[in-house]
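First up is the structure itself, then whatever we jot down about it.
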Amino acid sequence: VISVIEPTCKYACSNTKNAKIGVIATDLTIKKERYQSLIKEDKKEVYPVPCSEFVTHIENNLDDYEAGLKLVKSKLVPLKDKNMSDFFL
């Protein structure tokens, strides 16, 4: 089994412009807090966004651009005032 969590966090922490990193992931992934703890260990701020709805939307409505855009905006609006330079999915 190859983990993507550690290399993703390492890359994000090494390449952030202002040490503020957003993480968009499934609800369970965010709840487990692995991404958050690795980013915090590197002395960076982390802003987790649970969004299992992305998976559901992609699997069921891939051709509905407007609904997808509305979903993305609804999830990212809380991050607008965080002044982040980076986020990953």
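By convention in this document, the chains of the structure tokens carry letters A, B, ... by their order, each chain's residues are numbered from 1, and ligands are numbered from 1 in the order they are shown.
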
Using backbone DSSP assignments, extract all strand (DSSP E) residues from chain A; output them as a list in words.
Lys20, Ile21, Gly22, Val23, Ile24, Ala25, Glu45, Val46, Tyr47, Pro48, Val49, Pro50, Asp86, Phe87 and Phe88 of chain A

Output C-alpha atoms for every residue in the selection just made, as a JSON list (two decimals), in the first residue's frame.
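The resulting file, again.json, is reproduced below:
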```json
[["chain", "number", "residue", "atom", "x", "y", "z"],
["A", 20, "LYS", "CA", -1.60, 28.69, 5.23],
["A", 21, "ILE", "CA", -2.84, 25.48, 3.63],
["A", 22, "GLY", "CA", -6.38, 24.36, 2.95],
["A", 23, "VAL", "CA", -7.27, 20.69, 2.72],
["A", 24, "ILE", "CA", -10.42, 19.58, 0.90],
["A", 25, "ALA", "CA", -11.24, 15.93, 1.50],
["A", 45, "GLU", "CA", -1.71, 26.72, 9.52],
["A", 46, "VAL", "CA", -4.24, 24.25, 8.16],
["A", 47, "TYR", "CA", -7.84, 24.81, 7.16],
["A", 48, "PRO", "CA", -9.71, 21.53, 6.65],
["A", 49, "VAL", "CA", -12.90, 21.42, 4.57],
["A", 50, "PRO", "CA", -14.92, 18.20, 4.76],
["A", 86, "ASP", "CA", -2.48, 27.02, -1.20],
["A", 87, "PHE", "CA", -5.00, 24.25, -0.91],
["A", 88, "PHE", "CA", -5.25, 20.70, -2.13]]
```

Considering only alpha helix (DSSP H) as DSSP defines it on the backbone, what residues of chain A qualify? List them as a PyMOL selection string.
chain A and resi 5-15+27-32+34-41+52-61+65-76

Find the residue from A:Ala12, A:Val1, A:Cys51, A:Ile30 that sits nearest to Ser85 of chain A; use only C-alpha atoms when measuring.
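So, comparing all the options, the nearest one is A:Ala12.
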
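Atom pair atom CA of Glu53 of chain A / atom CA of Thr26 of chain A has a distance of 7.8 Å (rounded to one decimal).
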
Within 9 Å of Arg34 of chain A, counting only C-alpha atoms, which residues qualify if same-chain residues fewer than 4 places away don't, as a list in words?
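Here the answer would be Ile5, Glu6, Thr29, Ile30, Leu38 and Ile39 of chain A.
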
Filtering to C-alpha atoms, could you give me those residues as a PDB file, in the first residue's frame?
```pdb
ATOM      1  CA  ILE A   5      -0.849  11.586   2.671  1.00  0.00           C
ATOM      2  CA  GLU A   6       2.753  12.096   3.802  1.00  0.00           C
ATOM      3  CA  THR A  29     -10.511  11.867   5.927  1.00  0.00           C
ATOM      4  CA  ILE A  30     -10.902  15.241   7.642  1.00  0.00           C
ATOM      5  CA  LEU A  38       1.221  16.502   9.576  1.00  0.00           C
ATOM      6  CA  ILE A  39       0.786  20.082   8.385  1.00  0.00           C
TER       7      ILE A  39
END
```

Distance of atom CA of Lys73 of chain A from atom CA of Lys31 of chain A, expressed in Å to one decimal place
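Interatomic distance, atom CA of Lys31 of chain A to atom CA of Lys73 of chain A: 21.5 Å.
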
Got a sec: who's within 12 Å of Ser74 of chain A, counting only C-alpha atoms, leaving out chain neighbours fewer than 3 positions off, as a PDB file with N, CA and C atoms, in the first residue's frame?
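Here's the written file around.pdb:
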```pdb
ATOM      1  N   VAL A  49     -11.534  21.275   5.081  1.00  0.00           N
ATOM      2  CA  VAL A  49     -12.897  21.421   4.574  1.00  0.00           C
ATOM      3  C   VAL A  49     -13.431  20.030   4.240  1.00  0.00           C
ATOM      4  N   PRO A  50     -14.321  19.502   5.082  1.00  0.00           N
ATOM      5  CA  PRO A  50     -14.916  18.201   4.765  1.00  0.00           C
ATOM      6  C   PRO A  50     -15.888  18.353   3.600  1.00  0.00           C
ATOM      7  N   CYS A  51     -15.728  17.519   2.598  1.00  0.00           N
ATOM      8  CA  CYS A  51     -16.581  17.670   1.428  1.00  0.00           C
ATOM      9  C   CYS A  51     -16.803  16.352   0.697  1.00  0.00           C
ATOM     10  N   GLU A  53     -19.435  15.536  -0.449  1.00  0.00           N
ATOM     11  CA  GLU A  53     -20.370  15.859  -1.531  1.00  0.00           C
ATOM     12  C   GLU A  53     -19.679  15.943  -2.894  1.00  0.00           C
ATOM     13  N   PHE A  54     -18.383  16.288  -2.913  1.00  0.00           N
ATOM     14  CA  PHE A  54     -17.655  16.325  -4.186  1.00  0.00           C
ATOM     15  C   PHE A  54     -17.670  14.948  -4.843  1.00  0.00           C
ATOM     16  N   ALA A  67     -24.255  22.940 -11.222  1.00  0.00           N
ATOM     17  CA  ALA A  67     -24.416  22.353  -9.883  1.00  0.00           C
ATOM     18  C   ALA A  67     -23.050  22.140  -9.243  1.00  0.00           C
ATOM     19  N   GLY A  68     -22.084  21.713 -10.020  1.00  0.00           N
ATOM     20  CA  GLY A  68     -20.731  21.517  -9.501  1.00  0.00           C
ATOM     21  C   GLY A  68     -20.114  22.827  -9.047  1.00  0.00           C
ATOM     22  N   LEU A  69     -20.282  23.866  -9.844  1.00  0.00           N
ATOM     23  CA  LEU A  69     -19.749  25.182  -9.490  1.00  0.00           C
ATOM     24  C   LEU A  69     -20.391  25.706  -8.209  1.00  0.00           C
ATOM     25  N   LYS A  70     -21.684  25.526  -8.087  1.00  0.00           N
ATOM     26  CA  LYS A  70     -22.402  25.958  -6.879  1.00  0.00           C
ATOM     27  C   LYS A  70     -21.878  25.214  -5.650  1.00  0.00           C
ATOM     28  N   LEU A  71     -21.646  23.917  -5.789  1.00  0.00           N
ATOM     29  CA  LEU A  71     -21.132  23.111  -4.683  1.00  0.00           C
ATOM     30  C   LEU A  71     -19.732  23.568  -4.275  1.00  0.00           C
ATOM     31  N   VAL A  77     -16.263  29.193   0.156  1.00  0.00           N
ATOM     32  CA  VAL A  77     -16.541  30.526   0.694  1.00  0.00           C
ATOM     33  C   VAL A  77     -15.970  30.711   2.100  1.00  0.00           C
ATOM     34  N   PRO A  78     -16.088  29.725   3.006  1.00  0.00           N
ATOM     35  CA  PRO A  78     -15.507  29.918   4.346  1.00  0.00           C
ATOM     36  C   PRO A  78     -13.994  30.130   4.335  1.00  0.00           C
ATOM     37  N   LEU A  79     -13.325  29.744   3.266  1.00  0.00           N
ATOM     38  CA  LEU A  79     -11.872  29.902   3.197  1.00  0.00           C
ATOM     39  C   LEU A  79     -11.460  31.267   2.653  1.00  0.00           C
ATOM     40  N   LYS A  80     -12.387  31.992   2.106  1.00  0.00           N
ATOM     41  CA  LYS A  80     -12.079  33.249   1.434  1.00  0.00           C
ATOM     42  C   LYS A  80     -11.312  34.230   2.320  1.00  0.00           C
TER      43      LYS A  80
END
```

Nearest to Leu76 of chain A by atom-to-atom distance, counting only C-alpha atoms, from A:Thr16, A:Lys32, A:Asp64, A:Leu89:
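Counting only C-alpha atoms, the residue closest to Leu76 of chain A is A:Leu89.
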